[in-house]
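K.L.:
Dropping a structure here in C-alpha cells format, bear with me for questions.
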Amino acid sequence: MYKVFFNGSIIQFGSEMNKSLNNNITEIFDLVSYDVVNQIISQIESTETPSGFFILNHEVDTAWEHFKSQFVEIPAAGGLVRNSEGAFLFIKRLGVWDLPKGKIEKKETPELAAVREVEEECGLSGLHVINQLDSTFHIYRSPYLPHLNNLVLKETKWFLMNYSGNEIPVPQVEEDIHEVTWFSIADLDRVYSKTYSSLIDFLKKSLPII
C-alpha cells in the first residue's frame, strides 16, 4: 500500500479496503486520472479539515505510477539517527520537529545524500548506516515552479543510522534549523505534539521494528 500526505490529509492506494480504514476514509476512487487527481487536490485545498482518500485498484503499482506522473517528482533522503544510549536525533525547523533530510543531488546515491544531510544539518560525523527504512511521500506546492504546474510529489528515502561519537550537535541555521536534540523513546510525545502527521506515521511504523 502507498500512502501520500498533503496538508494533513492522506491519500492511500490499495488493492482492497482494510476494514480498519473505513472510519478514516472520506472518499473512495476506483481509477486514477488527471480529473480524479485534480478533484482530490481541490478538495484538500478547499478545507482545513484533514480528509482521507482511498484509490482502490487491483493494479496498485500501475495506479501509483499514473498518479505520480501528474506531479513534478523530487527525490530526497534523510536519516533516523540513533546514539549509543538508544536516543534519536531530531531537528527543529521553523518551530516544527523533523528528521534531518534533503534533496538528493545529481550523481548522488540516496544513502550518501542521507548521510550528507545529517552531517550538514546537525554537525555530526562518523555516522554508520544500518539499513534502509520505508519511504515517505508528501505533496506540496513549490514557489519555484509555474503556478499551473507547481505541485511536487516528494519521496524521502529514509536510512537508519548509528552514531557512537560524543560531538555536540550544531544546527544549520542557514536552513532555518535552530535546535538539534536527542530524544529517548519515552520523550517522543514532545516530538509528536509539534510535528507533521507524515512523520508521526513513519515513526510509529518504523520504531517498533528497529
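If you're wondering about the labels, chains in the C-alpha cells are A, B, ... by order shown, residues count from 1 in each chain, ligands from 1 in order shown.
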Pick out the residues sitting within 7 Å of segment 140-151 of chain A, and hand them over as an MDAnalysis selection string; count only C-alpha atoms, and ignore anything fewer than 3 positions along from it in its own chain.
P.N.:
chainID A and resid 6 71:72
K.L.:
I need the chosen residues saved as an mmCIF file, in the first residue's frame, with C-alpha atoms.
P.N.:
data_model
loop_
_atom_site.group_PDB
_atom_site.id
_atom_site.type_symbol
_atom_site.label_atom_id
_atom_site.label_comp_id
_atom_site.auth_asym_id
_atom_site.auth_seq_id
_atom_site.Cartn_x
_atom_site.Cartn_y
_atom_site.Cartn_z
ATOM 1 C CA PHE A 6 -0.853 16.594 1.683
ATOM 2 C CA PHE A 71 3.308 15.731 -10.398
ATOM 3 C CA VAL A 72 6.830 17.068 -10.531
#
K.L.:
Let's see if you can do this: from backbone DSSP, list all helix (DSSP H, G or I) residues in segment 6-209 of chain A, as an MDAnalysis selection string.
P.N.:
chainID A and resid 19:24 34:45 60:68 110:122 147:149 173:175 185:192 197:209
K.L.:
So that I can check the secondary structure, give me every residue of segment 23-201 of chain A assigned strand (DSSP E) by backbone DSSP, as JSON, numbers by chain.
P.N.:
{"A": [27, 28, 29, 52, 53, 54, 55, 56, 72, 73, 74, 75, 76, 77, 78, 79, 80, 81, 82, 83, 88, 89, 90, 91, 92, 93, 96, 97, 98, 101, 102, 103, 128, 129, 130, 131, 132, 136, 137, 138, 139, 140, 141, 151, 152, 153, 154, 155, 156, 157, 158, 159, 160, 161, 162, 163, 177, 178, 179, 180, 181, 182, 183]}
K.L.:
What lies within 10 Å of Phe13 of chain A using only C-alpha atoms, ignoring chain neighbours under 2 positions off, as a list in words?
P.N.:
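With the cut-off at 10 Å, the set is Met1, Tyr2, Lys3, Val4, Ile11, Ser15, Glu16, Met17, Ile28, Phe29, Asp30, Phe53, Phe54, Ile55, Leu56, Asn57, His58, Glu59, Val60, Asp61, Ala63, Trp64 and Phe67 of chain A.
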K.L.:
Write the selection just made, keeping N, CA, C and O atoms, as a tab-separated table (two decimals), in the first residue's frame?
P.N.:
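Saved file part-v8.tsv follows:
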chain	number	residue	atom	x	y	z
A	1	MET	N	0.84	-1.20	0.00
A	1	MET	CA	0.00	0.00	0.00
A	1	MET	C	0.88	1.25	0.00
A	1	MET	O	1.87	1.32	0.71
A	2	TYR	N	0.51	2.23	-0.83
A	2	TYR	CA	1.19	3.51	-0.86
A	2	TYR	C	0.36	4.53	-0.09
A	2	TYR	O	-0.88	4.48	-0.09
A	3	LYS	N	1.05	5.47	0.55
A	3	LYS	CA	0.37	6.49	1.35
A	3	LYS	C	1.05	7.83	1.10
A	3	LYS	O	2.27	7.96	1.21
A	4	VAL	N	0.24	8.85	0.76
A	4	VAL	CA	0.74	10.17	0.45
A	4	VAL	C	0.07	11.19	1.37
A	4	VAL	O	-1.14	11.15	1.56
A	11	ILE	N	-3.79	10.35	1.20
A	11	ILE	CA	-4.26	9.64	0.00
A	11	ILE	C	-3.59	8.27	0.03
A	11	ILE	O	-2.36	8.17	0.04
A	15	SER	N	-5.17	-2.57	-3.16
A	15	SER	CA	-5.96	-3.46	-4.00
A	15	SER	C	-7.25	-3.89	-3.30
A	15	SER	O	-8.14	-4.46	-3.93
A	16	GLU	N	-7.35	-3.63	-1.99
A	16	GLU	CA	-8.57	-3.92	-1.26
A	16	GLU	C	-8.64	-3.01	-0.05
A	16	GLU	O	-7.62	-2.53	0.45
A	17	MET	N	-9.87	-2.79	0.43
A	17	MET	CA	-10.08	-1.92	1.57
A	17	MET	C	-9.92	-2.71	2.86
A	17	MET	O	-10.53	-3.76	3.05
A	28	ILE	N	-13.73	7.23	-1.84
A	28	ILE	CA	-13.03	6.12	-2.48
A	28	ILE	C	-13.13	6.28	-4.00
A	28	ILE	O	-14.20	6.58	-4.54
A	29	PHE	N	-12.03	6.08	-4.69
A	29	PHE	CA	-11.99	6.13	-6.15
A	29	PHE	C	-11.48	4.79	-6.66
A	29	PHE	O	-10.62	4.17	-6.04
A	30	ASP	N	-12.01	4.35	-7.80
A	30	ASP	CA	-11.56	3.07	-8.34
A	30	ASP	C	-10.71	3.24	-9.59
A	30	ASP	O	-10.43	2.27	-10.28
A	53	PHE	N	-8.51	9.81	1.58
A	53	PHE	CA	-8.94	9.34	0.26
A	53	PHE	C	-8.29	7.99	-0.01
A	53	PHE	O	-7.14	7.75	0.35
A	54	PHE	N	-9.05	7.11	-0.64
A	54	PHE	CA	-8.53	5.78	-0.94
A	54	PHE	C	-8.73	5.50	-2.42
A	54	PHE	O	-9.84	5.63	-2.95
A	55	ILE	N	-7.65	5.15	-3.10
A	55	ILE	CA	-7.72	4.77	-4.51
A	55	ILE	C	-7.63	3.26	-4.58
A	55	ILE	O	-6.58	2.67	-4.28
A	56	LEU	N	-8.74	2.64	-4.91
A	56	LEU	CA	-8.87	1.18	-4.91
A	56	LEU	C	-8.65	0.67	-6.32
A	56	LEU	O	-9.39	1.00	-7.25
A	57	ASN	N	-7.61	-0.14	-6.49
A	57	ASN	CA	-7.28	-0.63	-7.83
A	57	ASN	C	-6.50	-1.93	-7.69
A	57	ASN	O	-5.55	-2.00	-6.92
A	58	HIS	N	-6.91	-2.95	-8.44
A	58	HIS	CA	-6.22	-4.25	-8.36
A	58	HIS	C	-4.80	-4.16	-8.91
A	58	HIS	O	-3.94	-4.95	-8.53
A	59	GLU	N	-4.56	-3.19	-9.80
A	59	GLU	CA	-3.21	-2.96	-10.32
A	59	GLU	C	-2.62	-1.78	-9.56
A	59	GLU	O	-2.48	-0.68	-10.10
A	60	VAL	N	-2.27	-2.01	-8.31
A	60	VAL	CA	-1.85	-0.91	-7.44
A	60	VAL	C	-0.62	-0.19	-7.98
A	60	VAL	O	-0.58	1.04	-8.02
A	61	ASP	N	0.38	-0.93	-8.42
A	61	ASP	CA	1.61	-0.31	-8.89
A	61	ASP	C	1.37	0.54	-10.14
A	61	ASP	O	1.95	1.61	-10.29
A	63	ALA	N	-1.52	1.98	-10.94
A	63	ALA	CA	-2.26	3.16	-10.49
A	63	ALA	C	-1.33	4.17	-9.83
A	63	ALA	O	-1.44	5.39	-10.04
A	64	TRP	N	-0.39	3.67	-9.05
A	64	TRP	CA	0.56	4.54	-8.37
A	64	TRP	C	1.45	5.27	-9.37
A	64	TRP	O	1.69	6.47	-9.23
A	67	PHE	N	-0.53	8.00	-10.98
A	67	PHE	CA	-0.71	9.10	-10.04
A	67	PHE	C	0.55	9.96	-9.98
A	67	PHE	O	0.47	11.19	-10.06
K.L.:
Between A:Glu27, A:Asp187, A:Asp35, A:Glu167, single out the one closest to Glu119 of chain A, counting only C-alpha atoms.
P.N.:
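Among the listed residues, A:Glu167 lies closest to Glu119 of chain A.
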K.L.:
Any idea what the distance is between atom CA of Phe90 of chain A and atom CA of Trp182 of chain A?
P.N.:
6.3 Å
K.L.:
Would you pick out the contacts of Val129 of chain A at 8 Å or less, using only C-alpha atoms, so that residues sharing its chain but fewer than 6 positions from it are not included, and give the list as a list of chain:residue names?
P.N.:
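Returned residues: A:Glu111, A:Val115, A:Phe159, A:Leu160, A:Met161, A:Asn162.
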K.L.:
How about saving the chosen residues, N, CA and C atoms kept, as a compact mmCIF listing (two decimals), in the first residue's frame?
P.N.:
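That gives us out11.txt:
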# COMPACT_ATOMS: atom_id res chain seq x y z
N GLU A 111 21.68 6.90 -0.17
CA GLU A 111 22.38 6.67 1.09
C GLU A 111 23.39 7.77 1.38
N VAL A 115 23.32 10.66 4.51
CA VAL A 115 24.44 10.91 5.42
C VAL A 115 24.88 12.37 5.33
N PHE A 159 17.00 6.28 6.07
CA PHE A 159 18.01 5.31 6.46
C PHE A 159 18.21 5.35 7.97
N LEU A 160 18.24 4.17 8.57
CA LEU A 160 18.57 4.06 9.99
C LEU A 160 20.08 4.17 10.12
N MET A 161 20.54 5.05 11.01
CA MET A 161 21.97 5.25 11.21
C MET A 161 22.30 5.15 12.70
N ASN A 162 23.48 4.66 12.99
CA ASN A 162 24.00 4.66 14.35
C ASN A 162 25.07 5.73 14.49
K.L.:
Between atom CA of Glu85 of chain A and atom CA of Trp158 of chain A, what is the distance in Å, rounded to a tenth?
P.N.:
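Computing it gives 20.9 Å between the two atoms.
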K.L.:
Would you pick out the contacts of Arg190 of chain A at 12 Å or less, using only C-alpha atoms, so that residues sharing its chain but fewer than 3 positions from it are not included, and give the list as an mmCIF file with all heavy atoms, in the first residue's frame?
P.N.:
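result-v1.cif written:
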data_model
loop_
_atom_site.group_PDB
_atom_site.id
_atom_site.type_symbol
_atom_site.label_atom_id
_atom_site.label_comp_id
_atom_site.auth_asym_id
_atom_site.auth_seq_id
_atom_site.Cartn_x
_atom_site.Cartn_y
_atom_site.Cartn_z
ATOM 1 N N PHE A 90 16.619 14.634 16.430
ATOM 2 C CA PHE A 90 15.604 15.431 15.745
ATOM 3 C C PHE A 90 16.082 16.866 15.599
ATOM 4 O O PHE A 90 16.839 17.380 16.426
ATOM 5 C CB PHE A 90 14.284 15.424 16.529
ATOM 6 C CG PHE A 90 13.562 14.107 16.486
ATOM 7 C CD1 PHE A 90 13.895 13.106 17.393
ATOM 8 C CD2 PHE A 90 12.580 13.851 15.548
ATOM 9 C CE1 PHE A 90 13.250 11.879 17.357
ATOM 10 C CE2 PHE A 90 11.928 12.634 15.509
ATOM 11 C CZ PHE A 90 12.267 11.641 16.416
ATOM 12 N N LYS A 92 14.691 20.953 14.876
ATOM 13 C CA LYS A 92 13.512 21.825 14.897
ATOM 14 C C LYS A 92 13.717 22.895 13.838
ATOM 15 O O LYS A 92 14.611 23.737 13.939
ATOM 16 C CB LYS A 92 13.305 22.459 16.269
ATOM 17 C CG LYS A 92 12.048 23.326 16.328
ATOM 18 C CD LYS A 92 11.760 23.862 17.728
ATOM 19 C CE LYS A 92 10.937 22.871 18.526
ATOM 20 N NZ LYS A 92 10.462 23.468 19.806
ATOM 21 N N VAL A 96 9.001 23.445 14.094
ATOM 22 C CA VAL A 96 8.404 22.106 13.962
ATOM 23 C C VAL A 96 9.504 21.053 14.042
ATOM 24 O O VAL A 96 10.545 21.181 13.380
ATOM 25 C CB VAL A 96 7.639 21.968 12.626
ATOM 26 C CG1 VAL A 96 6.999 20.589 12.520
ATOM 27 C CG2 VAL A 96 6.571 23.053 12.512
ATOM 28 N N TRP A 97 9.275 20.003 14.826
ATOM 29 C CA TRP A 97 10.247 18.912 14.919
ATOM 30 C C TRP A 97 10.235 18.090 13.646
ATOM 31 O O TRP A 97 9.175 17.813 13.086
ATOM 32 C CB TRP A 97 9.946 18.021 16.120
ATOM 33 C CG TRP A 97 10.238 18.666 17.439
ATOM 34 C CD1 TRP A 97 9.327 19.056 18.380
ATOM 35 C CD2 TRP A 97 11.523 19.005 17.963
ATOM 36 N NE1 TRP A 97 9.964 19.625 19.454
ATOM 37 C CE2 TRP A 97 11.317 19.603 19.229
ATOM 38 C CE3 TRP A 97 12.834 18.869 17.486
ATOM 39 C CZ2 TRP A 97 12.364 20.065 20.017
ATOM 40 C CZ3 TRP A 97 13.882 19.323 18.264
ATOM 41 C CH2 TRP A 97 13.647 19.907 19.519
ATOM 42 N N ASP A 98 11.399 17.680 13.208
ATOM 43 C CA ASP A 98 11.527 16.908 11.976
ATOM 44 C C ASP A 98 12.796 16.063 12.075
ATOM 45 O O ASP A 98 13.587 16.195 13.021
ATOM 46 C CB ASP A 98 11.612 17.859 10.777
ATOM 47 C CG ASP A 98 11.207 17.212 9.467
ATOM 48 O OD1 ASP A 98 11.006 15.974 9.442
ATOM 49 O OD2 ASP A 98 11.094 17.936 8.461
ATOM 50 N N THR A 181 18.265 18.011 18.859
ATOM 51 C CA THR A 181 18.125 17.397 20.176
ATOM 52 C C THR A 181 17.991 15.888 20.065
ATOM 53 O O THR A 181 17.360 15.382 19.135
ATOM 54 C CB THR A 181 16.874 17.952 20.901
ATOM 55 O OG1 THR A 181 16.980 19.379 20.979
ATOM 56 C CG2 THR A 181 16.740 17.386 22.300
ATOM 57 N N TRP A 182 18.589 15.191 21.029
ATOM 58 C CA TRP A 182 18.401 13.747 21.161
ATOM 59 C C TRP A 182 17.175 13.492 22.036
ATOM 60 O O TRP A 182 17.055 14.060 23.128
ATOM 61 C CB TRP A 182 19.619 13.095 21.813
ATOM 62 C CG TRP A 182 20.879 13.156 20.997
ATOM 63 C CD1 TRP A 182 21.910 14.034 21.155
ATOM 64 C CD2 TRP A 182 21.231 12.303 19.910
ATOM 65 N NE1 TRP A 182 22.889 13.785 20.224
ATOM 66 C CE2 TRP A 182 22.517 12.723 19.447
ATOM 67 C CE3 TRP A 182 20.597 11.230 19.278
ATOM 68 C CZ2 TRP A 182 23.160 12.108 18.389
ATOM 69 C CZ3 TRP A 182 21.248 10.614 18.217
ATOM 70 C CH2 TRP A 182 22.502 11.041 17.777
ATOM 71 N N PHE A 183 16.267 12.630 21.572
ATOM 72 C CA PHE A 183 15.074 12.269 22.335
ATOM 73 C C PHE A 183 15.065 10.770 22.604
ATOM 74 O O PHE A 183 15.259 9.968 21.680
ATOM 75 C CB PHE A 183 13.799 12.622 21.565
ATOM 76 C CG PHE A 183 13.450 14.079 21.587
ATOM 77 C CD1 PHE A 183 13.842 14.912 20.543
ATOM 78 C CD2 PHE A 183 12.727 14.627 22.639
ATOM 79 C CE1 PHE A 183 13.522 16.262 20.548
ATOM 80 C CE2 PHE A 183 12.394 15.976 22.652
ATOM 81 C CZ PHE A 183 12.787 16.801 21.606
ATOM 82 N N SER A 184 14.812 10.405 23.838
ATOM 83 C CA SER A 184 14.603 8.999 24.150
ATOM 84 C C SER A 184 13.213 8.593 23.679
ATOM 85 O O SER A 184 12.352 9.457 23.427
ATOM 86 C CB SER A 184 14.727 8.762 25.660
ATOM 87 O OG SER A 184 13.639 9.384 26.333
ATOM 88 N N ILE A 185 12.978 7.303 23.570
ATOM 89 C CA ILE A 185 11.653 6.808 23.172
ATOM 90 C C ILE A 185 10.589 7.338 24.127
ATOM 91 O O ILE A 185 9.479 7.717 23.715
ATOM 92 C CB ILE A 185 11.636 5.266 23.164
ATOM 93 C CG1 ILE A 185 12.554 4.724 22.056
ATOM 94 C CG2 ILE A 185 10.212 4.741 22.975
ATOM 95 C CD1 ILE A 185 12.052 4.946 20.657
ATOM 96 N N ALA A 186 10.909 7.403 25.411
ATOM 97 C CA ALA A 186 9.941 7.838 26.420
ATOM 98 C C ALA A 186 9.557 9.305 26.263
ATOM 99 O O ALA A 186 8.488 9.724 26.734
ATOM 100 C CB ALA A 186 10.502 7.592 27.820
ATOM 101 N N ASP A 187 10.402 10.093 25.603
ATOM 102 C CA ASP A 187 10.147 11.531 25.462
ATOM 103 C C ASP A 187 9.589 11.926 24.093
ATOM 104 O O ASP A 187 9.461 13.121 23.804
ATOM 105 C CB ASP A 187 11.443 12.312 25.708
ATOM 106 C CG ASP A 187 11.880 12.258 27.159
ATOM 107 O OD1 ASP A 187 11.008 12.113 28.041
ATOM 108 O OD2 ASP A 187 13.103 12.337 27.411
ATOM 109 N N SER A 193 3.824 16.120 19.520
ATOM 110 C CA SER A 193 2.928 17.254 19.758
ATOM 111 C C SER A 193 3.216 18.431 18.837
ATOM 112 O O SER A 193 2.391 19.346 18.724
ATOM 113 C CB SER A 193 3.034 17.710 21.213
ATOM 114 O OG SER A 193 4.317 18.282 21.482
ATOM 115 N N LYS A 194 4.377 18.422 18.167
ATOM 116 C CA LYS A 194 4.735 19.545 17.310
ATOM 117 C C LYS A 194 5.500 19.055 16.094
ATOM 118 O O LYS A 194 6.661 19.403 15.852
ATOM 119 C CB LYS A 194 5.601 20.534 18.102
ATOM 120 C CG LYS A 194 5.772 21.908 17.454
ATOM 121 C CD LYS A 194 4.475 22.683 17.391
ATOM 122 C CE LYS A 194 4.714 24.092 16.840
ATOM 123 N NZ LYS A 194 3.461 24.867 16.730
ATOM 124 N N THR A 195 4.850 18.183 15.307
ATOM 125 C CA THR A 195 5.493 17.682 14.100
ATOM 126 C C THR A 195 4.436 17.391 13.053
ATOM 127 O O THR A 195 3.242 17.679 13.234
ATOM 128 C CB THR A 195 6.335 16.431 14.407
ATOM 129 O OG1 THR A 195 7.135 16.123 13.254
ATOM 130 C CG2 THR A 195 5.482 15.232 14.748
ATOM 131 N N ILE A 200 4.859 11.363 12.161
ATOM 132 C CA ILE A 200 4.290 10.516 13.216
ATOM 133 C C ILE A 200 3.988 9.126 12.670
ATOM 134 O O ILE A 200 4.319 8.111 13.296
ATOM 135 C CB ILE A 200 3.008 11.155 13.789
ATOM 136 C CG1 ILE A 200 3.338 12.475 14.497
ATOM 137 C CG2 ILE A 200 2.309 10.195 14.752
ATOM 138 C CD1 ILE A 200 2.116 13.238 14.966
#
